[in-house]
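What follows is a set of notes on a single structure, which appears directly below.
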Amino acid sequence: MTELLILNEQHIPKLPRHAKLRYDNTRKKWIINAPERVFELDEIAGEIMQLVNGESSIALIIDELTVKFSGASREQISKDVIGMLQLLADKGFVIK
Amino acid sequence: MKQKNIEIPYAVLCELTHRCPLSCPYCSNPVELEKKSNEIDTDTWKRVLTEAVGMGILQAHFSGGEPTARKDLEELVEHACSLGIYTNLITSGVLINEQRLKNLYEAGLDHVQVSFQDTDADNANKIAGYKGHEKKITTAKLVRKIGLPLTVNAVMHRQNLHNLEDMINMATELDAERLEVAQVQYYGWALKNQTAFLPSREQLDIATKLVEEYRIKLKGILAIDYVVPDYYARRPKSCMGGWGRQFLNITPAGKVLPCHAAESLSFLSFDNVKDKSLPWIWEKSEAFNKFRGTSWMPEPCRSCDRKEIDWGGCRCQAFALTGIPEATDPTCELSPYRKVLDEPLSKIADKVPEFIYRRIE
C-alpha cells in the first residue's frame with residue numbers, strides 16, 4: 001500500500017506509471033495524463049516537471065532552475081518547486 | 001446561425017462492442033444494443049484513433065459492453081499508445097487472463113478500471129446477472145501484480161450503498177489508486193429499474209459522510225471520486241463537461257455521440273465514422289452543435305450565472321423526464337419541471353422490484 005509522502009529536498013520525485021507527462025502540440029503546453037483527468041501545466045509547472053525524471057533529487061531540480069531563472073532566489077524557487085510537487089504528491093501523482 | 005466556439009476535446013470513449021457476459025440492469029449502453037455483425041473493424045478504429053490525436057485528444061477509454069470480447073483490443077491499444085494517447089481499459093474483468101493482461105501491458109496500456117457490483121458476492125452476482133465477482137477480484141489482483149494502475153469502479157445505489165465502507169476497504173486492499181463511486185444515471189436500462197436503484201436521502205447522507213471521512217484518512221493512498229446523485233442535488237451536474245466541449249463517444253457501429261447515452265435523444269441523428277472524419281463530426285455535425293454552448297438554452301438557464309458551469313445539465317436525463325429536448329434539467333431546483341422528480345422519489349420506500357436485465361434482443 002502506498003503511503004502519504006511529505007516531500008523535502010532530498011527526495012527523488014518521479015511520476016507513477018499511471019501519470020504521464022507530455023508536451024501537447026495542439027494546446028501548446030505541458031500536460032500530465034492521469035486516470036480520467038488531465039492536468040494542464042502552466043509555464044512554471046511545465047519547467048519543473050520536465051526535470052522530474054526519477055534520477056534528480058528535488059535539491060538538484062531547484063539548483064537547475066535557479067541557474068536557468070537567475071532573477072529568482074533559490075529560496076523562492078525551492079518554495080515553488082516543493083509546493084507544486086507536494087500538490088501532485090497529495091493526489092498520488094508524484095511519488096519518490 | 002452564429003458560429004459556435006469549438007473547443008479541443010480531451011477524451012474519446014471507444015465502445016468497442018456491446019457484447020458483455022454481464023447484464024447489469026443499470027447498464028449505460030442504449031436499450032437498442034448493436035449486434036456483433038454491425039461492429040466497425042480494426043482498421044476503421046485505427047483510423048479514428050489517428051484522427052483523434054490530430055484533433056488534440058489526449059485520452060482514449062476502451063470500453064463496451066466488454067471490450068476484451070474484441071480480439072483486436074491489444075492491437076488498438078498498441079496503436080493508440082504509439083500515437084501518444086493515454087489509454088484506459090474499462091472492463092468487467094471476467095473474460096481476461098494473466099497472459100492477455102501482460103500483452104496489454106506490453107502494448108503500452110496505461111490504466112485499468114475494473115467494475116464491481118458490490119462487495120457481497122451473492123448480491124454482486126445478482127445485480128450483474130452473472131457469477132463473476134470472484135473472477136473480478138482475481139483480475140484486479142493480476143492488474144496490480146503486472147504493474148498496471150487500478151481504479152475500482154463501483155456503481156452504488158439503494159441495494160448496495162450500505163456496503164460503501166467495505167468497498168472503500170476492498171479498493172485499498174486491492175491496492176487501487178482510485179475508487180470511482182458512480183451513481184446510477186436514469187435513462188435507458190436504468191430508467192426501467194429506477195425504483196430498484198434510487199437510494200433514500202438517509203442512505204446518501206451516510207454515504208457522503210463516509211466518503212468525506214475516508215478522503216481525509218486515505219489522502220495520497222486512495223483517491224475517491226464521488227458525486228451526490230443529482231436527484232438529490234440542488235443544481236445539475238456538468239454532464240460531460242458540456243455538450244460537445246471535451247468529450248466524444250464512438251459506438252460499436254461507428255456512430256459518434258456527444259455522450260454515451262445520447263442515442264436516447266430520439267430526435268437527433270448521429271454521423272458515423274464510416275462516412276465522415278472525426279474532426280468533421282466534432283466541428284460540423286448537427287448533433288454536436290445542437291446543444292453546444294449556451295445559445296440553445298431556454299430560461300431560466302439562459303440568464304443563469306451557472307450556465308457556463310453546468311452547461312444546462314444532462315440533456316438525456318432532461319429529455320427522458322420531460323420529453324422536451326431543451327427543457328431545463330429537472331434536477332435543478334430552478335427548473336419548472338422539478339416536480340417530475342417527486343414521483344420517483346416517492347417510491348423509495350416501496351418494496352424493491354425485480355430487475356429488468358440488460359440483454360441483446
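Residue names in the C-alpha cells use chain letters A, B, ... in the order shown, residue numbers from 1 in each chain, and ligand numbers from 1 in the order shown.
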List the neighbours of segment 74-77 of chain A out to 8 Å using only C-alpha atoms; skip same-chain residues closer than 6 positions along the sequence, and give me the result as a list in words.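 Everything that qualifies: Ile62, Asp63, Leu65 and Thr66 of chain A.
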Show me, as a list in words, the residues of chain B whose atoms get within 6 Å of chain A, using only C-alpha atoms for the distance check.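 Matching residues, ligands excluded from the count: Gly56, Asp110, Pro149, Asp175, Gly220 and Ile221 of chain B.
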Taken to one decimal, the atom CA of Val256 of chain B-atom CA of Glu106 of chain B distance is 29.1 Å
Neighbour list for Trp189 of chain B as a PyMOL selection string, cut-off 7 Å, only C-alpha atoms, skip fewer than 3 positions in-chain: chain B and resi 25-27+31+192-193+358
Can I get the selection written as a JSON list (two decimals), in the first residue's frame, with C-alpha atoms?
[["chain", "number", "residue", "atom", "x", "y", "z"],
["B", 25, "PRO", "CA", -29.84, -3.59, -15.06],
["B", 26, "TYR", "CA", -28.29, -0.08, -14.97],
["B", 27, "CYS", "CA", -26.04, -0.57, -17.98],
["B", 31, "VAL", "CA", -31.67, -0.05, -24.94],
["B", 192, "LYS", "CA", -36.64, 0.82, -16.40],
["B", 193, "ASN", "CA", -35.22, -0.11, -12.97],
["B", 358, "ARG", "CA", -29.97, -5.76, -19.97]]
Every residue of segment 50-253 of chain B that DSSP places in helix (DSSP H, G or I), as a count of residues only: 95
Residues at most 8 Å from Leu150 of chain B, counting only C-alpha atoms, excluding those fewer than 5 positions away in the same chain, as a ChimeraX atom specification? /B:111-114,140,143-144,175-178
Output C-alpha atoms for every residue in that selection, as a short mmCIF file (atom, residue, chain, number, x, y, z; two decimals), in the first residue's frame.
data_model
loop_
_atom_site.label_atom_id
_atom_site.label_comp_id
_atom_site.auth_asym_id
_atom_site.auth_seq_id
_atom_site.Cartn_x
_atom_site.Cartn_y
_atom_site.Cartn_z
CA HIS B 111 -4.54 2.17 -16.71
CA VAL B 112 -7.25 -0.38 -15.93
CA GLN B 113 -10.65 0.19 -14.45
CA VAL B 114 -12.44 -2.89 -13.09
CA ALA B 140 -7.95 -6.78 -10.11
CA VAL B 143 -3.70 -5.96 -12.79
CA ARG B 144 -1.63 -4.84 -9.81
CA ASP B 175 -4.01 -1.57 -3.90
CA ALA B 176 -6.11 0.54 -6.25
CA GLU B 177 -5.01 4.11 -6.84
CA ARG B 178 -8.54 5.25 -7.22
#
In Å, how far is it from atom CA of Val227 of chain B to atom CA of Ala287 of chain B?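 Separating atom CA of Val227 of chain B from atom CA of Ala287 of chain B is a distance of 27.4 Å.
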Would you please extract all strand (DSSP E or B) residues from chain A, as assigned by DSSP on the backbone, and give them as a VMD selection string? chain A and resid 14 20 to 24 29 to 34 37 to 40 95
Output file for the selection above: C-alpha atoms, as a PDB file, in the first residue's frame:
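Listed below is the output, result_10.pdb:
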ATOM      1  CA  LYS A  14       9.003  10.653 -10.161  1.00  0.00           C
ATOM      2  CA  LYS A  20       2.338  10.584 -17.923  1.00  0.00           C
ATOM      3  CA  LEU A  21       3.949  13.871 -18.832  1.00  0.00           C
ATOM      4  CA  ARG A  22       3.968  15.028 -22.403  1.00  0.00           C
ATOM      5  CA  TYR A  23       4.033  18.171 -24.469  1.00  0.00           C
ATOM      6  CA  ASP A  24       0.725  18.756 -26.211  1.00  0.00           C
ATOM      7  CA  LYS A  29       1.558  23.317 -23.174  1.00  0.00           C
ATOM      8  CA  TRP A  30       2.877  20.536 -20.979  1.00  0.00           C
ATOM      9  CA  ILE A  31       0.232  18.212 -19.602  1.00  0.00           C
ATOM     10  CA  ILE A  32       0.038  15.252 -17.232  1.00  0.00           C
ATOM     11  CA  ASN A  33      -2.331  12.498 -18.262  1.00  0.00           C
ATOM     12  CA  ALA A  34      -3.844  10.543 -15.373  1.00  0.00           C
ATOM     13  CA  ARG A  37      -8.153  13.588 -15.731  1.00  0.00           C
ATOM     14  CA  VAL A  38      -5.675  15.849 -17.418  1.00  0.00           C
ATOM     15  CA  PHE A  39      -3.503  18.391 -15.620  1.00  0.00           C
ATOM     16  CA  GLU A  40      -2.652  21.267 -17.886  1.00  0.00           C
ATOM     17  CA  ILE A  95       5.956   9.518  -5.822  1.00  0.00           C
TER      18      ILE A  95
END
Would you work out the distance separating atom CA of Gly71 of chain A from atom CA of Ile44 of chain A, expressed in Å to one decimal?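 Between atom CA of Gly71 of chain A and atom CA of Ile44 of chain A the gap is 13.7 Å.
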With only C-alpha atoms as the counted atoms, please give the residues lying no more than 7 Å from segment 198-202 of chain B, apart from itself and same-chain residues fewer than 3 positions off, as a compact mmCIF listing (two decimals) with N, CA and C atoms, in the first residue's frame.
# COMPACT_ATOMS: atom_id res chain seq x y z
N HIS B 157 -25.92 2.25 -5.15
CA HIS B 157 -27.35 2.57 -5.23
C HIS B 157 -28.07 1.98 -4.02
N ARG B 158 -29.38 2.04 -4.07
CA ARG B 158 -30.23 1.58 -2.97
C ARG B 158 -29.86 0.19 -2.45
N GLN B 194 -35.67 2.09 -12.12
CA GLN B 194 -35.39 3.22 -11.24
C GLN B 194 -35.72 2.96 -9.76
N THR B 195 -36.89 2.39 -9.51
CA THR B 195 -37.28 2.17 -8.11
C THR B 195 -36.34 1.17 -7.42
N ASP B 205 -26.89 10.41 2.77
CA ASP B 205 -26.20 11.26 3.74
C ASP B 205 -25.14 10.46 4.49
N ILE B 206 -25.46 9.22 4.82
CA ILE B 206 -24.48 8.35 5.49
C ILE B 206 -23.29 8.13 4.57
N ILE B 348 -39.23 5.53 -3.05
CA ILE B 348 -38.00 4.95 -2.49
C ILE B 348 -38.25 4.07 -1.28
Please provide the set of residues having any atom within 8 Å of segment 329-338 of chain B, restricted to only C-alpha atoms, with same-chain residues fewer than 3 positions apart removed, written as an mmCIF file with C-alpha atoms, in the first residue's frame.
data_model
loop_
_atom_site.group_PDB
_atom_site.id
_atom_site.type_symbol
_atom_site.label_atom_id
_atom_site.label_comp_id
_atom_site.auth_asym_id
_atom_site.auth_seq_id
_atom_site.Cartn_x
_atom_site.Cartn_y
_atom_site.Cartn_z
ATOM 1 C CA ASP B 230 -28.424 14.632 -8.966
ATOM 2 C CA TYR B 231 -31.987 13.765 -7.947
ATOM 3 C CA TYR B 232 -30.847 14.940 -4.525
ATOM 4 C CA ALA B 233 -28.715 17.835 -5.690
ATOM 5 C CA ARG B 234 -29.823 21.447 -5.872
ATOM 6 C CA ARG B 235 -28.162 22.112 -9.194
ATOM 7 C CA PRO B 236 -27.476 19.774 -12.105
ATOM 8 C CA PRO B 300 -34.098 30.184 -16.557
ATOM 9 C CA GLY B 312 -27.500 23.064 -18.846
ATOM 10 C CA GLY B 313 -27.028 19.751 -17.027
ATOM 11 C CA CYS B 314 -27.808 16.429 -18.654
ATOM 12 C CA ARG B 315 -29.789 16.506 -21.922
ATOM 13 C CA GLN B 317 -31.973 12.993 -18.360
ATOM 14 C CA ALA B 318 -33.930 16.180 -19.064
ATOM 15 C CA LEU B 321 -38.013 13.025 -17.737
ATOM 16 C CA THR B 322 -39.862 15.756 -19.654
ATOM 17 C CA LEU B 341 -38.753 14.043 -9.603
ATOM 18 C CA ASP B 342 -41.494 13.799 -6.966
#
Near Asn53 of chain A, counting only C-alpha atoms, which residues have an atom at most 10 Å away, once you skip same-chain residues fewer than 4 positions from it, shown as a list in words?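 Counting only C-alpha atoms, the residues come to Ile12, Pro13, Lys14, Leu15, Met49, Ser57 and Ile61 of chain A.
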Taking only C-alpha atoms into account, name the residue in B:Lys36, B:Lys307, B:Lys136, B:Arg100 that is nearest to Gly241 of chain B.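 The closest residue to Gly241 of chain B is B:Lys307.
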